[in-house]
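Okay, structure first, notes after.
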Amino acid sequence: MLVEEFIPNTPSKNIGSGAIGFSSPSNIALVKYWGKRPHQIPANPSISFTLSNCKTNTILRYSPKSTDDFSFDVFLDGNKQADFRPKIQQFFERILPYAPFLKSFHFDIETSNTFPHSSGIASSASGMSALAICVVALEELICVDLDSAFLKRKASFLARLGSGSACRSIEGGLVVWGKHNSILGSSDLVGFQFPFEVHPVFKDYQDAILLVDKGEKQVSSSVGHNLMHNHPYAKARFEQAHTHMDQLIPILESGAVQEFMKIVEKEALSLHAMMMSSDPYFILMKPNTLEIINSIWAFRKATQIPVCFTLDAGANVHVLYPKQYTSEVEHLIKDQLSVYCQNGQYILDHVGLGAEPIKI
């Protein structure tokens, strides 16, 4: 796969004003992406569950203009957000070679999240993927003879240039991003659905997101990724990610939940180990993060219920478990774990279908 395939070379037509809407979910990585090369290329492959309830709804309103510049306003929950402009400006500049029509329109970008604003859930994956697929849908109106599968692939390609993990939110289910020798067709440029057989237990896996800390992280993910360049354990970490990808292929096919949990938890702890051993070093986990982890381990040992945790690049804990144990795990969260959440807040989610159009 080459970037040139995403440069438009098909006939185009003039269109008037209009609006396009899409919702796109967040995702949670099982094998973590940490460290990147220029142009948003991952240093190692990753695989994620696409979520369902935690999503961004975006409406892209467009009107033709004659000036040769970017023109847009961004609204969150109906309120204009000047703070969002730099990131959108950077995104448009990055994708302009692949979407040259962007300077032909003024855009009103209206966005809202189904999860609480400033909840501590990273909204870059859902937000940038929703905007990316809106842009591609606009291209579909302007250009002719575009294949629907290509358009979804291009949406993932563009989303990656806004936020790396956003490329994993376009498709549903299990999504792979990053070149890996055991997965034919895997690419550093786009995320695509896991191509092997998946056991039914993993098709409706549950994810309860425990909101330990809703504040802004003291070290951004972008800074953390860059600290992997001279990290003393980077090579071993990247090799570990490839090994875990290989191990997960038969696990996901067979439904071996016990082996799945071992890899998922090891990946979460490895991610944070990289942060704690970088230069400068930093810790994003909070005391209550560790309380939750220890409580999950104690519950699992006492009940033999296959519930495990993973972490994003922050303090929040994702509690993963098969759907058949929903009642038991929700009782655990309500009765024991919610006390470690900020204001007792948590979100119940599950594996979802990816980006979907919004009726306007």
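In the structure tokens, each chain is lettered A, B, ... as it comes, each chain's residues begin at 1, and ligands are numbered from 1 in order of appearance.
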
- Item | strand (DSSP E) residues, from DSSP on the backbone, in stretch 197-344 of chain A, as a list in words |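 Selection result, strand (DSSP E) within stretch 197-344 of chain A: Gln206, Asp207, Ala208, Ile209, Leu210, Cys308, Phe309, Thr310, Leu311, Val317, His318, Val319, Leu320 and Tyr321 of chain A.
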
Restricted to C-alpha atoms, what would the selected residues look like written as a PDB file, in the first residue's frame?
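Final output, saved to out.pdb:
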ATOM      1  CA  GLN A 206     -17.593  -5.923  27.555  1.00  0.00           C
ATOM      2  CA  ASP A 207     -15.524  -2.914  28.637  1.00  0.00           C
ATOM      3  CA  ALA A 208     -16.313  -0.955  31.791  1.00  0.00           C
ATOM      4  CA  ILE A 209     -14.285   2.258  31.915  1.00  0.00           C
ATOM      5  CA  LEU A 210     -13.509   3.335  35.470  1.00  0.00           C
ATOM      6  CA  CYS A 308      -9.091  -8.482  33.556  1.00  0.00           C
ATOM      7  CA  PHE A 309      -7.909  -4.910  33.159  1.00  0.00           C
ATOM      8  CA  THR A 310      -6.114  -2.794  30.629  1.00  0.00           C
ATOM      9  CA  LEU A 311      -4.953   0.806  30.785  1.00  0.00           C
ATOM     10  CA  VAL A 317      -8.897   1.475  34.098  1.00  0.00           C
ATOM     11  CA  HIS A 318     -10.713  -0.518  31.418  1.00  0.00           C
ATOM     12  CA  VAL A 319     -12.299  -3.636  32.913  1.00  0.00           C
ATOM     13  CA  LEU A 320     -12.656  -6.313  30.221  1.00  0.00           C
ATOM     14  CA  TYR A 321     -14.833  -9.410  30.545  1.00  0.00           C
TER      15      TYR A 321
END

- Task: Please identify all polymer residues within 6 Å of A:Val175, counting only C-alpha atoms, omitting same-chain residues fewer than 5 positions from it, and present them as a VMD selection string.
- Result: chain A and resid 47 to 48 168 192 to 194

Please, which residues in stretch 206-277 of chain A fall within 12 Å of stretch 150-165 of chain A when counting only C-alpha atoms, and what is the closest atom pair and distance in Å to one decimal for each, ordered by chain then residue number, as a tab-separated table?
residue	atom	partner	partner_atom	distance
A:Ser221	CA	A:Ser163	CA	10.3
A:Ser222	CA	A:Ser163	CA	9.5
A:His225	CA	A:Gly164	CA	10.7

Restrict the selected residues to N, CA and C atoms and save them as a PDB file, in the first residue's frame.
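Written file, part29.pdb:
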ATOM      1  N   SER A 221       0.305  12.246  25.439  1.00  0.00           N
ATOM      2  CA  SER A 221       0.684  11.036  24.707  1.00  0.00           C
ATOM      3  C   SER A 221       1.735  11.336  23.646  1.00  0.00           C
ATOM      4  N   SER A 222       1.627  12.495  22.989  1.00  0.00           N
ATOM      5  CA  SER A 222       2.607  12.851  21.950  1.00  0.00           C
ATOM      6  C   SER A 222       4.011  12.926  22.526  1.00  0.00           C
ATOM      7  N   HIS A 225       5.183   9.338  23.335  1.00  0.00           N
ATOM      8  CA  HIS A 225       5.620   8.622  22.135  1.00  0.00           C
ATOM      9  C   HIS A 225       7.041   9.030  21.752  1.00  0.00           C
TER      10      HIS A 225
END

Closest contacts (stretch 184-280 of chain A/stretch 26-37 of chain A, max 7 Å, only C-alpha atoms) as a tab-separated table:
residue	atom	partner	partner_atom	distance
A:His225	CA	A:Gly35	CA	4.2
A:Asn226	CA	A:Gly35	CA	6.2
A:Met228	CA	A:Gly35	CA	5.3
A:Ala241	CA	A:Val31	CA	6.4
A:Val264	CA	A:Leu30	CA	5.4
A:Glu267	CA	A:Val31	CA	5.9
A:Leu271	CA	A:Lys32	CA	6.9

- Find the spatial neighbours of A:His242, counting only C-alpha atoms, within a cut-off of 12 Å - ignore same-chain residues fewer than 2 positions away - and output them as a VMD selection string. chain A and resid 31 to 33 43 to 47 176 to 183 235 to 240 244 to 249 263 267

- Message: Set the distance at 10 Å and use only C-alpha atoms: which residues neighbour A:Lys203 once local chain neighbours fewer than 4 positions away are removed? I'd like the list as a list in words.
- Response: Phe49, Gly172, Gly173, Leu174, Val198, His199, Leu252, Pro322, Lys323, His350, Val351 and Gly352 of chain A

- Using backbone DSSP assignments, extract all helix (DSSP H, G or I) residues from stretch 100-148 of chain A; output them as a PyMOL selection string. chain A and resi 100-104+124-142+148

Proximity of stretch 30-111 of chain A to stretch 131-134 of chain A: per-residue shortest pair, 9 Å limit, only C-alpha atoms, as a tab-separated table:
residue	atom	partner	partner_atom	distance
A:Thr58	CA	A:Leu131	CA	6.5
A:Ile59	CA	A:Cys134	CA	7.6
A:Leu60	CA	A:Cys134	CA	6.5
A:Ile109	CA	A:Leu131	CA	8.2
A:Thr111	CA	A:Leu131	CA	8.9

- Item | 8 Å contact set for A:Asn113, only C-alpha atoms, chain neighbours under 4 positions out, as a list in words |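 Neighbouring residues, sequence-local ones excluded: Cys54, Lys55, Thr56, Asn57, His117 and Ser123 of chain A.
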
Just-selected residues, all heavy atoms written as a compact mmCIF listing (two decimals), in the first residue's frame:
# COMPACT_ATOMS: atom_id res chain seq x y z
N CYS A 54 -19.00 4.94 23.76
CA CYS A 54 -18.12 6.11 23.85
C CYS A 54 -17.76 6.57 22.43
O CYS A 54 -16.84 6.03 21.81
CB CYS A 54 -16.85 5.77 24.63
SG CYS A 54 -17.15 5.46 26.37
N LYS A 55 -18.48 7.54 21.94
CA LYS A 55 -18.26 7.96 20.56
C LYS A 55 -18.43 9.47 20.42
O LYS A 55 -18.96 10.15 21.30
CB LYS A 55 -19.23 7.24 19.63
CG LYS A 55 -20.69 7.48 19.93
CD LYS A 55 -21.58 6.59 19.05
CE LYS A 55 -23.06 6.78 19.38
NZ LYS A 55 -23.91 5.88 18.57
N THR A 56 -17.94 9.97 19.29
CA THR A 56 -18.08 11.37 18.92
C THR A 56 -19.03 11.48 17.75
O THR A 56 -18.91 10.73 16.77
CB THR A 56 -16.72 11.98 18.54
OG1 THR A 56 -15.85 11.93 19.66
CG2 THR A 56 -16.88 13.43 18.11
N ASN A 57 -19.99 12.38 17.86
CA ASN A 57 -20.90 12.69 16.76
C ASN A 57 -20.45 13.99 16.12
O ASN A 57 -20.33 15.02 16.80
CB ASN A 57 -22.33 12.83 17.27
CG ASN A 57 -22.85 11.54 17.89
OD1 ASN A 57 -22.67 10.47 17.33
ND2 ASN A 57 -23.47 11.64 19.06
N HIS A 117 -17.64 15.34 28.83
CA HIS A 117 -16.48 16.14 28.45
C HIS A 117 -15.52 16.23 29.64
O HIS A 117 -15.94 16.33 30.78
CB HIS A 117 -16.93 17.54 28.03
CG HIS A 117 -15.81 18.41 27.55
ND1 HIS A 117 -14.97 18.03 26.52
CD2 HIS A 117 -15.39 19.64 27.94
CE1 HIS A 117 -14.09 18.98 26.31
NE2 HIS A 117 -14.31 19.97 27.16
N SER A 123 -10.50 11.61 23.66
CA SER A 123 -11.49 11.78 22.59
C SER A 123 -10.83 11.99 21.23
O SER A 123 -11.52 12.14 20.23
CB SER A 123 -12.39 12.99 22.90
OG SER A 123 -11.62 14.17 23.01

- Item | For A:Glu356, the nearest of the candidates A:Ala273, A:Ile41, A:Ile20, A:Ile88, counting only C-alpha atoms |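 Residue with the minimum atom-to-atom distance to A:Glu356: A:Ile20.
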
- What is the distance between atom CA of A:Pro86 and atom CA of A:Asp312, in Å to one decimal? 24.3 Å

- Task: May I have the residues within 9 Å of A:Gly16 as JSON, numbers by chain, using only C-alpha atoms and disregarding those fewer than 6 positions away in the same chain?
- Result: {"A": [62, 63, 64]}

- Residue with smallest distance to A:Glu253 - pool A:Val201, A:Ile15, A:Leu269, A:Leu290, counting only C-alpha atoms: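 The answer is A:Val201, which sits nearest to A:Glu253.
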
- Item | Atomic separation - atom CA of A:Thr114 relative to atom CA of A:Thr326, Å |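 Value for the atom CA of A:Thr326-atom CA of A:Thr114 distance: 21.6 Å.
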
- Message: With only C-alpha atoms as the counted atoms, please give the residues lying no more than 7 Å from A:Asp77, apart from itself and same-chain residues fewer than 2 positions off, as a PyMOL selection string.
- Response: chain A and resi 75+79+111-112

- Computed interatomic separation between atom CA of A:Gln218 and atom CA of A:Ile283 (Å):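 Taking atom CA of A:Gln218 and atom CA of A:Ile283, their separation equals 9.0 Å.
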
- Query: Of the candidates A:Ser23, A:Ser17, A:Gln324, A:Gln90, which one gets nearest to A:Ser52 if we count only C-alpha atoms?
  - Reply: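 Checking each of A:Ser23, A:Ser17, A:Gln324, A:Gln90 against A:Ser52, counting only C-alpha atoms, the winner is A:Ser23.
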